[in-house]
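K.L.:
The file below is model.tsv, TSV, C-alpha atoms and all ligand atoms:
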chain	number	residue	atom	x	y	z
A	10	MET	CA	0.00	0.00	0.00
A	11	MET	CA	1.49	3.25	-1.13
A	12	GLY	CA	0.44	6.79	-0.13
A	13	LYS	CA	1.11	9.70	-2.42
A	14	ARG	CA	4.60	11.05	-3.03
A	15	ILE	CA	5.08	14.75	-3.75
A	16	HIS	CA	7.75	16.48	-5.82
A	17	ASN	CA	10.07	17.23	-2.91
A	18	PHE	CA	12.29	20.34	-3.16
A	19	ASN	CA	13.11	20.54	0.56
A	20	ALA	CA	16.54	21.90	1.47
A	21	GLY	CA	17.16	19.51	4.36
A	22	PRO	CA	16.06	17.12	5.63
A	23	ALA	CA	15.40	16.40	2.00
A	24	ALA	CA	14.15	13.82	-0.47
A	25	LEU	CA	15.50	10.26	-0.36
A	26	PRO	CA	15.43	7.90	-3.33
A	27	LEU	CA	12.12	6.04	-3.42
A	28	PRO	CA	13.80	2.63	-3.97
A	29	VAL	CA	15.73	3.23	-0.73
A	30	LEU	CA	12.54	3.99	1.22
A	31	GLU	CA	10.94	0.88	-0.23
A	32	GLU	CA	13.91	-1.28	0.69
A	33	ILE	CA	13.78	0.06	4.27
A	34	ARG	CA	10.08	-0.77	4.46
A	35	GLU	CA	10.67	-4.21	2.98
A	36	GLU	CA	13.28	-5.29	5.53
A	37	PHE	CA	12.30	-3.10	8.45
A	38	VAL	CA	10.44	-5.49	10.71
A	39	ASP	CA	12.74	-8.47	10.15
A	40	TYR	CA	16.24	-7.36	9.15
A	41	LYS	CA	17.98	-10.13	7.22
A	42	GLY	CA	16.33	-12.93	9.20
A	43	SER	CA	17.35	-11.48	12.57
A	44	GLY	CA	13.74	-11.24	13.75
A	45	MET	CA	14.53	-7.60	14.67
A	46	SER	CA	14.65	-4.27	12.89
A	47	ILE	CA	18.02	-2.62	12.34
A	48	THR	CA	17.04	-0.09	15.04
A	49	GLU	CA	16.69	-2.94	17.55
A	50	VAL	CA	19.96	-4.83	17.09
A	51	SER	CA	23.13	-4.14	19.04
A	52	HIS	CA	25.56	-1.77	17.36
A	53	ARG	CA	28.19	-4.40	18.34
A	54	SER	CA	26.36	-7.11	16.37
A	55	LYS	CA	27.56	-8.57	13.07
A	56	TRP	CA	24.42	-7.08	11.44
A	57	PHE	CA	25.33	-3.51	12.28
A	58	ASP	CA	29.06	-4.04	11.85
A	59	ASP	CA	28.38	-5.11	8.27
A	60	VAL	CA	26.19	-2.01	7.74
A	61	ILE	CA	28.76	0.53	8.93
A	62	ASN	CA	31.60	-1.19	7.09
A	63	GLU	CA	29.61	-1.40	3.88
A	64	ALA	CA	28.76	2.31	4.12
A	65	GLY	CA	32.46	3.14	4.48
A	66	GLU	CA	33.52	0.87	1.62
A	67	ARG	CA	30.90	2.28	-0.73
A	68	VAL	CA	31.99	5.88	-0.01
A	69	ARG	CA	35.58	4.82	-0.71
A	70	ARG	CA	34.65	3.28	-4.04
A	71	LEU	CA	32.36	6.13	-5.11
A	72	LEU	CA	34.92	8.83	-4.37
A	73	ASN	CA	37.96	6.72	-5.15
A	74	ILE	CA	39.39	7.44	-1.71
A	75	GLY	CA	42.96	6.35	-0.93
A	76	ASP	CA	44.00	4.09	1.97
A	77	ASP	CA	45.39	7.09	3.84
A	78	PHE	CA	41.86	8.34	4.62
A	79	LYS	CA	39.30	7.15	7.15
A	80	VAL	CA	35.52	7.50	6.81
A	81	LEU	CA	33.82	8.40	10.10
A	82	PHE	CA	30.28	8.97	11.32
A	83	ILE	CA	29.99	11.57	14.08
A	84	GLN	CA	26.77	12.80	15.67
A	85	GLY	CA	26.12	16.49	16.15
A	86	GLY	CA	25.71	17.30	12.46
A	87	ALA	CA	27.84	19.64	10.38
A	88	SER	CA	27.52	22.22	13.16
A	89	LEU	CA	29.61	20.17	15.60
A	90	GLN	CA	32.28	19.91	12.90
A	91	PHE	CA	32.50	23.73	12.84
A	92	CYS	CA	33.78	23.43	16.40
A	93	MET	CA	35.77	20.15	16.20
A	94	ILE	CA	37.86	21.25	13.22
A	95	PRO	CA	39.70	24.17	14.86
A	96	MET	CA	39.77	22.32	18.19
A	97	ASN	CA	41.53	19.30	16.67
A	98	LEU	CA	43.37	20.55	13.62
A	99	ALA	CA	44.66	24.08	14.30
A	100	LEU	CA	48.45	23.90	14.75
A	101	VAL	CA	49.94	25.84	17.66
A	102	GLY	CA	51.15	29.28	16.52
A	103	LYS	CA	49.78	28.85	12.99
A	104	PRO	CA	46.72	30.65	11.63
A	105	VAL	CA	43.57	28.97	10.34
A	106	CYS	CA	42.30	30.29	6.99
A	107	TYR	CA	38.65	30.54	5.97
A	108	ILE	CA	36.78	31.67	2.87
A	109	ASN	CA	33.43	33.20	3.73
A	110	THR	CA	30.68	32.43	1.22
A	111	GLY	CA	27.60	32.68	3.40
A	112	THR	CA	25.74	31.64	6.55
A	113	TRP	CA	27.42	28.27	7.01
A	114	SER	CA	30.95	29.57	6.44
A	115	THR	CA	30.20	32.43	8.83
A	116	LYS	CA	29.15	29.93	11.49
A	117	ALA	CA	32.29	27.85	10.93
A	118	ILE	CA	34.43	31.00	11.32
A	119	LYS	CA	32.63	31.97	14.51
A	120	GLU	CA	33.40	28.61	16.14
A	121	ALA	CA	37.12	29.03	15.44
A	122	GLU	CA	37.00	32.57	16.85
A	123	ILE	CA	35.22	31.43	20.02
A	124	GLN	CA	38.19	29.15	20.67
A	125	GLY	CA	40.61	32.05	20.32
A	126	LYS	CA	42.31	30.68	17.19
A	127	ASP	CA	44.24	33.02	14.87
A	128	VAL	CA	41.49	33.20	12.24
A	129	ARG	CA	42.25	34.73	8.83
A	130	VAL	CA	39.28	35.26	6.54
A	131	ILE	CA	41.24	35.44	3.29
A	132	ALA	CA	38.27	36.04	0.99
A	133	SER	CA	34.58	36.83	1.30
A	134	SER	CA	31.67	37.56	-0.99
A	135	GLU	CA	29.72	39.34	1.74
A	136	GLU	CA	29.93	42.74	0.03
A	137	LYS	CA	27.72	41.37	-2.74
A	138	ASP	CA	25.34	39.58	-0.42
A	139	PHE	CA	27.17	36.26	-0.92
A	140	SER	CA	25.89	35.98	-4.49
A	141	TYR	CA	29.16	34.67	-5.92
A	142	ILE	CA	32.21	32.50	-5.17
A	143	PRO	CA	35.45	34.50	-4.73
A	144	THR	CA	38.31	33.38	-6.95
A	145	ASP	CA	40.99	35.88	-6.03
A	146	PHE	CA	42.73	35.05	-2.75
A	147	GLN	CA	46.10	34.29	-1.23
A	148	VAL	CA	46.42	31.51	1.33
A	149	THR	CA	48.77	32.26	4.19
A	150	GLU	CA	51.71	29.92	3.60
A	151	GLU	CA	52.05	28.64	7.16
A	152	ALA	CA	48.29	28.13	7.60
A	153	SER	CA	47.05	25.09	9.53
A	154	TYR	CA	44.37	24.60	6.88
A	155	LEU	CA	42.08	26.36	4.44
A	156	HIS	CA	38.36	25.93	5.16
A	157	PHE	CA	35.64	26.56	2.59
A	158	THR	CA	32.01	25.57	1.91
A	159	SER	CA	31.63	23.77	-1.42
A	160	ASN	CA	27.92	24.52	-1.84
A	161	ASN	CA	26.07	27.37	-0.18
A	162	THR	CA	22.66	25.89	0.50
A	163	ILE	CA	21.01	29.19	1.41
A	164	LYS	CA	22.38	31.52	-1.27
A	165	GLY	CA	22.48	28.93	-4.06
A	166	THR	CA	26.15	29.26	-4.98
A	167	GLN	CA	28.69	26.48	-5.49
A	168	TRP	CA	32.39	26.11	-6.21
A	169	GLU	CA	32.73	24.83	-9.76
A	170	ALA	CA	36.41	23.92	-9.25
A	171	PHE	CA	37.99	23.74	-5.80
A	172	PRO	CA	40.80	26.05	-4.65
A	173	LYS	CA	44.29	24.81	-5.43
A	174	VAL	CA	46.78	25.38	-2.64
A	175	ASP	CA	50.26	23.92	-2.22
A	176	GLY	CA	51.20	22.51	1.16
A	177	VAL	CA	48.09	23.58	3.07
A	178	PRO	CA	45.40	20.92	3.58
A	179	LEU	CA	41.93	21.82	2.39
A	180	ILE	CA	38.99	21.37	4.74
A	181	CYS	CA	35.53	21.48	3.26
A	182	ASP	CA	31.94	21.59	4.39
A	183	MET	CA	30.26	19.52	1.66
A	184	SER	CA	26.96	19.11	3.49
A	185	SER	CA	24.79	20.01	0.54
A	186	ASP	CA	26.72	18.63	-2.42
A	187	ILE	CA	28.73	15.62	-1.28
A	188	LEU	CA	28.42	12.71	-3.70
A	189	SER	CA	26.69	14.92	-6.27
A	190	ARG	CA	29.77	14.84	-8.54
A	191	PRO	CA	33.24	13.27	-8.60
A	192	PHE	CA	36.26	15.17	-7.29
A	193	GLU	CA	39.81	14.47	-6.20
A	194	VAL	CA	39.99	13.73	-2.47
A	195	ALA	CA	43.80	13.80	-2.12
A	196	PRO	CA	44.26	17.59	-1.47
A	197	PHE	CA	41.86	17.47	1.47
A	198	GLY	CA	42.80	17.00	5.10
A	199	LEU	CA	39.14	16.65	6.04
A	200	ILE	CA	35.75	16.66	4.33
A	201	TYR	CA	32.50	16.70	6.25
A	202	ALA	CA	28.79	16.64	5.51
A	203	GLY	CA	25.64	16.61	7.59
A	204	ALA	CA	23.81	13.59	6.15
A	205	GLN	CA	20.36	15.10	5.79
A	206	LYS	CA	20.86	16.98	2.52
A	207	ASN	CA	22.28	14.56	0.00
A	208	ILE	CA	23.05	11.21	1.60
A	209	GLY	CA	20.47	10.23	4.21
A	210	PRO	CA	18.34	11.25	7.19
A	211	SER	CA	19.56	13.64	9.89
A	212	GLY	CA	21.49	12.27	12.86
A	213	THR	CA	25.10	12.12	11.76
A	214	ALA	CA	27.83	13.89	9.88
A	215	MET	CA	30.00	11.89	7.53
A	216	VAL	CA	33.65	12.85	7.99
A	217	ILE	CA	36.44	11.83	5.63
A	218	ILE	CA	39.77	12.48	7.31
A	219	ARG	CA	43.36	12.02	6.16
A	220	GLU	CA	45.19	9.84	8.67
A	221	ASP	CA	48.08	12.24	9.27
A	222	MET	CA	45.58	14.77	10.67
A	223	ALA	CA	45.46	12.54	13.79
A	224	GLU	CA	48.94	13.77	14.75
A	225	ARG	CA	47.50	17.25	15.31
A	226	VAL	CA	44.81	16.22	17.79
A	227	PRO	CA	45.64	17.64	21.25
A	228	LYS	CA	45.85	14.91	23.90
A	229	ASP	CA	43.86	16.88	26.46
A	230	LEU	CA	40.59	17.19	24.53
A	231	PRO	CA	37.45	15.51	25.87
A	232	THR	CA	37.17	11.97	24.47
A	233	MET	CA	34.04	12.57	22.40
A	234	LEU	CA	35.48	15.70	20.78
A	235	LYS	CA	38.63	14.02	19.44
A	236	TYR	CA	38.80	12.71	15.88
A	237	THR	CA	41.24	10.06	17.10
A	238	THR	CA	38.50	8.49	19.26
A	239	PHE	CA	36.33	7.94	16.19
A	240	MET	CA	39.32	6.85	14.05
A	241	GLU	CA	40.47	4.24	16.56
A	242	LYS	CA	37.00	2.82	17.30
A	243	ASN	CA	35.51	2.68	13.78
A	244	SER	CA	33.06	5.48	14.82
A	245	MET	CA	31.76	3.27	17.66
A	246	PHE	CA	33.33	4.52	20.87
A	247	ASN	CA	29.70	4.94	21.89
A	248	THR	CA	26.41	4.07	20.19
A	249	PRO	CA	26.35	5.64	16.73
A	250	SER	CA	23.28	6.86	14.87
A	251	CYS	CA	22.42	3.34	13.67
A	252	PHE	CA	19.34	4.01	11.58
A	253	THR	CA	20.92	7.00	9.85
A	254	ILE	CA	24.05	5.05	8.94
A	255	TYR	CA	21.94	2.13	7.72
A	256	THR	CA	19.95	4.47	5.45
A	257	ILE	CA	23.15	6.09	4.20
A	258	SER	CA	24.47	2.64	3.23
A	259	LEU	CA	21.32	2.06	1.15
A	260	VAL	CA	21.59	5.48	-0.51
A	261	LEU	CA	25.20	4.69	-1.40
A	262	LYS	CA	24.14	1.32	-2.82
A	263	TRP	CA	21.53	3.13	-4.93
A	264	LEU	CA	24.21	5.56	-6.15
A	265	GLU	CA	26.54	2.74	-7.13
A	266	GLU	CA	24.15	0.14	-8.46
A	267	THR	CA	21.09	2.01	-9.74
A	268	ILE	CA	22.58	5.34	-10.83
A	269	GLY	CA	25.93	3.85	-11.82
A	270	GLY	CA	28.37	6.08	-9.95
A	271	LEU	CA	29.24	9.75	-9.59
A	272	GLU	CA	30.03	10.54	-13.23
A	273	GLU	CA	26.50	9.56	-14.12
A	274	MET	CA	25.03	11.30	-11.06
A	275	ALA	CA	26.86	14.49	-12.02
A	276	ARG	CA	25.52	14.28	-15.56
A	277	ILE	CA	21.94	13.95	-14.27
A	278	ASN	CA	22.41	16.78	-11.74
A	279	GLN	CA	23.87	19.00	-14.46
A	280	SER	CA	20.90	18.48	-16.75
A	281	LYS	CA	18.35	19.03	-13.95
A	282	ALA	CA	19.93	22.37	-13.02
A	283	GLN	CA	20.34	23.38	-16.66
A	284	ILE	CA	16.60	22.96	-17.28
A	285	LEU	CA	15.75	25.25	-14.37
A	286	TYR	CA	18.37	27.92	-15.03
A	287	ASP	CA	17.56	28.01	-18.74
A	288	PHE	CA	13.91	28.52	-17.90
A	289	ILE	CA	14.66	31.27	-15.37
A	290	ASP	CA	17.08	33.03	-17.75
A	291	GLN	CA	14.55	33.35	-20.56
A	292	SER	CA	11.92	34.65	-18.14
A	293	ASP	CA	11.17	38.29	-17.32
A	294	PHE	CA	9.15	37.19	-14.29
A	295	TYR	CA	11.53	34.89	-12.40
A	296	ARG	CA	15.00	36.16	-11.53
A	297	GLY	CA	17.96	34.01	-10.40
A	298	THR	CA	19.91	35.40	-7.43
A	299	ALA	CA	23.30	33.68	-7.85
A	300	ALA	CA	25.94	35.06	-10.21
A	301	GLN	CA	26.64	33.23	-13.48
A	302	GLY	CA	29.62	30.96	-12.96
A	303	SER	CA	28.80	30.52	-9.26
A	304	ARG	CA	25.37	28.92	-9.60
A	305	SER	CA	24.62	25.87	-7.51
A	306	LEU	CA	23.51	22.67	-9.19
A	307	MET	CA	21.87	21.66	-5.90
A	308	ASN	CA	19.96	24.72	-4.67
A	309	VAL	CA	18.41	26.96	-7.31
A	310	THR	CA	17.48	30.29	-5.70
A	311	PHE	CA	15.19	32.76	-7.43
A	312	ARG	CA	12.89	35.72	-6.84
A	313	LEU	CA	9.53	36.82	-8.22
A	314	PRO	CA	8.56	40.48	-8.80
A	315	THR	CA	7.08	40.92	-5.29
A	316	GLU	CA	7.11	39.15	-1.93
A	317	ASP	CA	3.35	38.70	-2.13
A	318	LEU	CA	3.74	36.83	-5.39
A	319	GLU	CA	6.48	34.71	-3.81
A	320	SER	CA	4.19	33.67	-0.96
A	321	LYS	CA	1.41	32.86	-3.39
A	322	PHE	CA	3.84	30.93	-5.59
A	323	VAL	CA	4.98	28.74	-2.70
A	324	ALA	CA	1.41	28.17	-1.48
A	325	ASP	CA	-0.05	27.42	-4.92
A	326	ALA	CA	2.83	25.07	-5.74
A	327	ALA	CA	2.13	23.10	-2.56
A	328	LYS	CA	-1.49	22.66	-3.66
A	329	VAL	CA	-0.31	20.75	-6.72
A	330	ASP	CA	2.18	18.64	-4.74
A	331	LEU	CA	5.33	20.68	-5.36
A	332	GLY	CA	6.78	21.05	-1.86
A	333	GLY	CA	9.61	22.91	-0.13
A	334	LEU	CA	10.00	25.88	-2.49
A	335	LYS	CA	10.21	28.61	0.16
A	336	GLY	CA	13.62	30.25	0.41
A	337	HIS	CA	15.58	30.06	3.68
A	338	ARG	CA	13.95	32.21	6.37
A	339	SER	CA	17.08	34.41	6.54
A	340	VAL	CA	16.94	35.48	2.87
A	341	GLY	CA	13.35	35.01	1.66
A	342	GLY	CA	12.53	34.39	-1.98
A	343	CYS	CA	12.20	30.93	-3.46
A	344	ARG	CA	14.53	27.97	-3.60
A	345	ALA	CA	14.28	24.64	-5.38
A	346	SER	CA	16.66	22.12	-3.85
A	347	ILE	CA	17.36	19.46	-6.42
A	348	TYR	CA	19.66	17.01	-4.66
A	349	ASN	CA	20.60	13.58	-6.01
A	350	ALA	CA	17.27	12.02	-5.03
A	351	THR	CA	15.07	14.63	-6.73
A	352	GLY	CA	14.34	13.28	-10.19
A	353	ILE	CA	14.27	15.09	-13.51
A	354	ASP	CA	10.50	14.45	-13.59
A	355	SER	CA	10.16	16.75	-10.57
A	356	VAL	CA	12.13	19.47	-12.36
A	357	HIS	CA	9.88	19.17	-15.40
A	358	ALA	CA	6.81	19.39	-13.15
A	359	LEU	CA	8.23	22.52	-11.51
A	360	VAL	CA	8.93	24.25	-14.82
A	361	GLU	CA	5.43	23.42	-15.99
A	362	PHE	CA	3.99	24.97	-12.83
A	363	MET	CA	6.23	28.05	-13.13
A	364	THR	CA	5.03	28.55	-16.70
A	365	GLU	CA	1.38	28.27	-15.67
A	366	PHE	CA	1.86	30.56	-12.63
A	367	LYS	CA	3.47	33.29	-14.69
A	368	LYS	CA	0.70	33.09	-17.29
A	369	ARG	CA	-1.87	33.44	-14.52
A	370	GLU	CA	-0.20	36.03	-12.26
A	371	GLY	CA	2.42	37.76	-14.43
A	401	LIG	C1	22.55	22.34	6.52
A	401	LIG	C2	23.96	22.75	6.48
A	401	LIG	C3	24.74	22.81	7.64
A	401	LIG	C4	24.17	22.52	9.02
A	401	LIG	O1	24.05	21.14	9.18
A	401	LIG	P1	23.60	20.49	10.58
A	401	LIG	O2	23.82	19.03	10.30
A	401	LIG	O3	22.17	20.84	10.79
A	401	LIG	O4	24.49	21.00	11.64
A	401	LIG	C5	26.07	23.16	7.53
A	401	LIG	N1	26.61	23.45	6.34
A	401	LIG	C6	25.90	23.41	5.19
A	401	LIG	C7	26.56	23.74	3.89
A	401	LIG	C8	24.55	23.06	5.23
A	401	LIG	O5	23.83	23.02	4.10
What is this file in C-alpha cells?
Ligand SMILES: *Cc1c(COP(=O)(O)O)cnc(C)c1O

P.N.:
Amino acid sequence: MMGKRIHNFNAGPAALPLPVLEEIREEFVDYKGSGMSITEVSHRSKWFDDVINEAGERVRRLLNIGDDFKVLFIQGGASLQFCMIPMNLALVGKPVCYINTGTWSTKAIKEAEIQGKDVRVIASSEEKDFSYIPTDFQVTEEASYLHFTSNNTIKGTQWEAFPKVDGVPLICDMSSDILSRPFEVAPFGLIYAGAQKNIGPSGTAMVIIREDMAERVPKDLPTMLKYTTFMEKNSMFNTPSCFTIYTISLVLKWLEETIGGLEEMARINQSKAQILYDFIDQSDFYRGTAAQGSRSLMNVTFRLPTEDLESKFVADAAKVDLGGLKGHRSVGGCRASIYNATGIDSVHALVEFMTEFKKREG
C-alpha cells in the first residue's frame, strides 16, 4: 500500500530515493532474518558491523578514496564539525584560513573565533550579499588549513572547481553537495557533511579524514570531541546513529548500483539544473539570485517580482504537490533544492507549474 509522493524540493532534511525507502520498508520489521529491525539490534552485532563497514567501503569506491583516509560517522551534524575542526586541527602558533561564502561559512568561522584561534578570513563575498564564489585570494603559507564551503545551501552558490593550494590541507563543508559529482579527495585534510541533505536522514555527519591529521589532535581534549577516538573505534566509541548510517548505506548502494556512480550522477544533476536555469534566464518574471559561474547545481534560488507573489507561488505550488519551495527564512525568496534524489520528472513538473503561474499572475 502506497500513499502519495510529492515532488520534494526541501533543502534539508530532504528527499530520499524512493527505492531506498521501499527497501527500508521491505526489511524493516525483520532485518535479514534477525527477527529484529536494524534499530533494535546491538551496534556491536555482526548485522550492524556489516552495515557501517559497507557504508564506508561504498563511499571509498564512489569517491575513489585512498587508503590514507578514514571514513567516520559523528553525531552532532555539520555544526559540531565547525567546532571540532579548529579544536583538533589548528596547529599551535599557525593561523587557520577561511573563505566566507555565506551563513554556514560564517558559522564555521565563529566557532574558530570562540576558541581564540588566529582566524584569517582570506576572501569573502559578503559585500555582494554572498551571491558569488570568490576566486581571487592568497592563502597564508604557514596556515594550519584552508576551510571553505563547497555549496552554499542558502544563497544557491557552489564552487565549480575547488581552490588549489600547495602545502596547506583543504577542509571542506560539503553538506549540501557531497556525492553529487566526482572530485579528487587527495588535497583534502578533512571533508564533512551533515547527512540530511544529499546522503540520508539527519542524525550524523559523515567525515572523511586524512590519517596524518590525527597527529594534530591535542591529547587533552574531551574523548568525544577528538577525531582520534572515532578513528580508533571505527566510529563506535559509543552508540552511533544506527538508523541513519543504515539508510546512508542504502543510498550509497543506490548511487553505485542504480545510478551507476558519480560521473553519471553528475551528468543527471547538471541536466536538472540546466533545465531550471535556462527557464529562469529566458523569463522576465523569475530572476535568479546567484551570479553566473557561481550557480549551484543543488539549490536553485530565485525571486519573483514581489514578496506577495512569492508567498502565493509557494502556497499554490504546494497545492499541486510541489513542496519545499520557500527560500531560507534568513533570505526570503524561493529555492528549489534538487539534490541527487530529486528526479528530472520533478524538475519538469516545476517548470510546468512556473510557466502556468506566470501566465496566470504575471
Ligand atoms: C545544513 C547545512 C549545515 C548545518 O548542518 P547540521 O547538520 O544541521 O548542523 C552546515 N553546512 C551546510 C553547507 C549546510 O547546508

K.L.:
With all atoms listed in the file as the atoms that count, which of A:Leu331, A:Lys242, A:Ile208, A:Thr256 lies nearest to Ser184 in chain A?

P.N.:
A:Ile208

K.L.:
Can you build me a table of chain A residues sitting at most 6 Å from ligand LIG 401 (chain A), with the closest atom pair per residue and its distance in Å to one decimal, using all atoms listed in the file, sorted by chain and residue number, as a tab-separated table?

P.N.:
residue	atom	partner	partner_atom	distance
A:Gly86	CA	A:LIG401	O2	3.4
A:Ala87	CA	A:LIG401	O4	3.8
A:Ser88	CA	A:LIG401	O4	3.6
A:Trp113	CA	A:LIG401	N1	4.9
A:Asn160	CA	A:LIG401	C7	5.9
A:Asn161	CA	A:LIG401	C7	5.5
A:Thr162	CA	A:LIG401	O5	4.8
A:Asp182	CA	A:LIG401	C7	5.8
A:Ser184	CA	A:LIG401	C7	4.7
A:Ser185	CA	A:LIG401	O5	4.8
A:Gly203	CA	A:LIG401	O2	4.1

K.L.:
So that I have them on file, write out the residues from the current selection with C-alpha atoms, as an mmCIF file, in the frame of the given file.

P.N.:
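After the write, selection.cif holds the following:
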data_model
loop_
_atom_site.group_PDB
_atom_site.id
_atom_site.type_symbol
_atom_site.label_atom_id
_atom_site.label_comp_id
_atom_site.auth_asym_id
_atom_site.auth_seq_id
_atom_site.Cartn_x
_atom_site.Cartn_y
_atom_site.Cartn_z
ATOM 1 C CA GLY A 86 25.710 17.300 12.460
ATOM 2 C CA ALA A 87 27.840 19.640 10.380
ATOM 3 C CA SER A 88 27.520 22.220 13.160
ATOM 4 C CA TRP A 113 27.420 28.270 7.010
ATOM 5 C CA ASN A 160 27.920 24.520 -1.840
ATOM 6 C CA ASN A 161 26.070 27.370 -0.180
ATOM 7 C CA THR A 162 22.660 25.890 0.500
ATOM 8 C CA ASP A 182 31.940 21.590 4.390
ATOM 9 C CA SER A 184 26.960 19.110 3.490
ATOM 10 C CA SER A 185 24.790 20.010 0.540
ATOM 11 C CA GLY A 203 25.640 16.610 7.590
#

K.L.:
So, counting all atoms listed in the file, which residue among A:Leu71, A:Val260, A:Ile108, A:Leu155 is closest to Glu193 in chain A?

P.N.:
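For Glu193 in chain A, the nearest of the given residues is A:Leu71.
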
K.L.:
Can you tell me which residues surround Asp175 in chain A at a distance of at most 9 Å, considering only C-alpha atoms, apart from same-chain residues fewer than 2 positions away, and format the answer as a ChimeraX atom specification?

P.N.:
/A:150,173,177-178,196

K.L.:
Using all atoms listed in the file, give me every residue within 7 Å of (25.0, 14.5, -9.1) in file coordinates, as a PyMOL selection string.

P.N.:
chain A and resi 188-190+271+274-278+349

K.L.:
If I take CA of Phe82 in chain A and CA of Gly336 in chain A, how far is one from the other in Å, to one decimal?

P.N.:
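Here the two named atoms are 29.1 Å from each other.
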
K.L.:
Please determine the residues with any atom at most 10 Å from (36.0, 24.1, 7.4) (coordinates as given in the file, with only C-alpha atoms counting) and report them as a PyMOL selection string.

P.N.:
chain A and resi 87+90-95+105-108+113-114+116-118+121+154-159+179-183+199-201

K.L.:
Report, as lines of an AutoDock Vina configuration file, the centre and edge lengths in Å (one decimal) of the axis-aligned box enclosing every listed atom of range 252-267 of chain A, padded by 3 Å on each side.

P.N.:
center_x = 22.9
center_y = 3.6
center_z = 0.9
size_x = 13.2
size_y = 12.9
size_z = 27.3

K.L.:
What is the CA of Leu313 in chain A-CA of Arg344 in chain A distance in Å, reported with one decimal?

P.N.:
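Interatomic distance here is 11.2 Å.
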
K.L.:
For a quick check of understanding, using only C-alpha atoms, which of A:Val340, A:Ala326, A:Ala350, A:Leu98 has the smallest distance to Gly165 in chain A?

P.N.:
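The shortest atom-to-atom distance to Gly165 in chain A comes from A:Val340.
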
K.L.:
With all atoms listed in the file as the counted atoms, please give the residues lying no more than 10 Å from Ala170 in chain A, apart from itself and same-chain residues fewer than 2 positions off, as a compact mmCIF listing (two decimals) with C-alpha atoms, keeping the file's coordinate frame.

P.N.:
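As a result, selection-v5.txt now contains:
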# COMPACT_ATOMS: atom_id res chain seq x y z
CA THR A 144 38.31 33.38 -6.95
CA SER A 159 31.63 23.77 -1.42
CA GLN A 167 28.69 26.48 -5.49
CA TRP A 168 32.39 26.11 -6.21
CA PRO A 172 40.80 26.05 -4.65
CA LYS A 173 44.29 24.81 -5.43
CA PHE A 192 36.26 15.17 -7.29

K.L.:
If I take CA of Ile353 in chain A and CA of Gly269 in chain A, how far is one from the other in Å, to one decimal?

P.N.:
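Calculated distance between CA of Ile353 in chain A and CA of Gly269 in chain A is 16.3 Å.
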
K.L.:
Restricting the calculation to only C-alpha atoms: of A:Leu359, A:Ala132, A:Ile289, A:Ile15, which residue gets closest to Arg312 in chain A?

P.N.:
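So, comparing all the options, the nearest one is A:Ile289.
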
K.L.:
Could you check which of A:Arg14, A:Lys228, A:Arg304, A:His357 is closest to Ile163 in chain A, using only C-alpha atoms?

P.N.:
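When distances to Ile163 in chain A are compared using only C-alpha atoms, the smallest one comes from A:Arg304.
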
K.L.:
Given only C-alpha atoms, how would the per-residue table for range 308-365 of chain A near range 19-27 of chain A read, listing every residue at most 8 Å away with its closest atom pair and distance in Å to one decimal, sorted by chain and number, as JSON lines?

P.N.:
{"residue": "A:Asn308", "atom": "CA", "partner": "A:Ala20", "partner_atom": "CA", "distance": 7.6}
{"residue": "A:Gly332", "atom": "CA", "partner": "A:Asn19", "partner_atom": "CA", "distance": 6.8}
{"residue": "A:Gly333", "atom": "CA", "partner": "A:Asn19", "partner_atom": "CA", "distance": 4.3}
{"residue": "A:Leu334", "atom": "CA", "partner": "A:Asn19", "partner_atom": "CA", "distance": 6.9}
{"residue": "A:Ala345", "atom": "CA", "partner": "A:Asn19", "partner_atom": "CA", "distance": 7.3}
{"residue": "A:Ser346", "atom": "CA", "partner": "A:Ala20", "partner_atom": "CA", "distance": 5.3}
{"residue": "A:Tyr348", "atom": "CA", "partner": "A:Ala24", "partner_atom": "CA", "distance": 7.6}
{"residue": "A:Ala350", "atom": "CA", "partner": "A:Pro26", "partner_atom": "CA", "distance": 4.8}
{"residue": "A:Thr351", "atom": "CA", "partner": "A:Ala24", "partner_atom": "CA", "distance": 6.4}

K.L.:
Excluding Ala99 in chain A and residues on its chain fewer than 6 positions from it, collect all residues at most 9 Å away from it, counting all atoms listed in the file, and give them as a count of residues only.

P.N.:
8

K.L.:
How about completing range 318-326 of chain A with N, CA and C atoms and giving it to me as a compact mmCIF listing (two decimals), in the coordinates of the input?

P.N.:
# COMPACT_ATOMS: atom_id res chain seq x y z
N LEU A 318 3.78 37.86 -4.34
CA LEU A 318 3.74 36.83 -5.39
C LEU A 318 4.55 35.61 -4.98
N GLU A 319 5.66 35.84 -4.27
CA GLU A 319 6.48 34.71 -3.81
C GLU A 319 5.71 33.83 -2.84
N SER A 320 4.98 34.45 -1.92
CA SER A 320 4.19 33.67 -0.96
C SER A 320 3.11 32.88 -1.69
N LYS A 321 2.48 33.53 -2.63
CA LYS A 321 1.41 32.86 -3.39
C LYS A 321 1.99 31.72 -4.22
N PHE A 322 3.17 31.96 -4.78
CA PHE A 322 3.84 30.93 -5.59
C PHE A 322 4.09 29.67 -4.75
N VAL A 323 4.65 29.87 -3.56
CA VAL A 323 4.98 28.74 -2.70
C VAL A 323 3.70 28.00 -2.28
N ALA A 324 2.67 28.78 -1.94
CA ALA A 324 1.41 28.17 -1.48
C ALA A 324 0.70 27.44 -2.62
N ASP A 325 0.64 28.06 -3.79
CA ASP A 325 -0.05 27.42 -4.92
C ASP A 325 0.69 26.17 -5.39
N ALA A 326 2.02 26.23 -5.33
CA ALA A 326 2.83 25.07 -5.74
C ALA A 326 2.51 23.88 -4.82
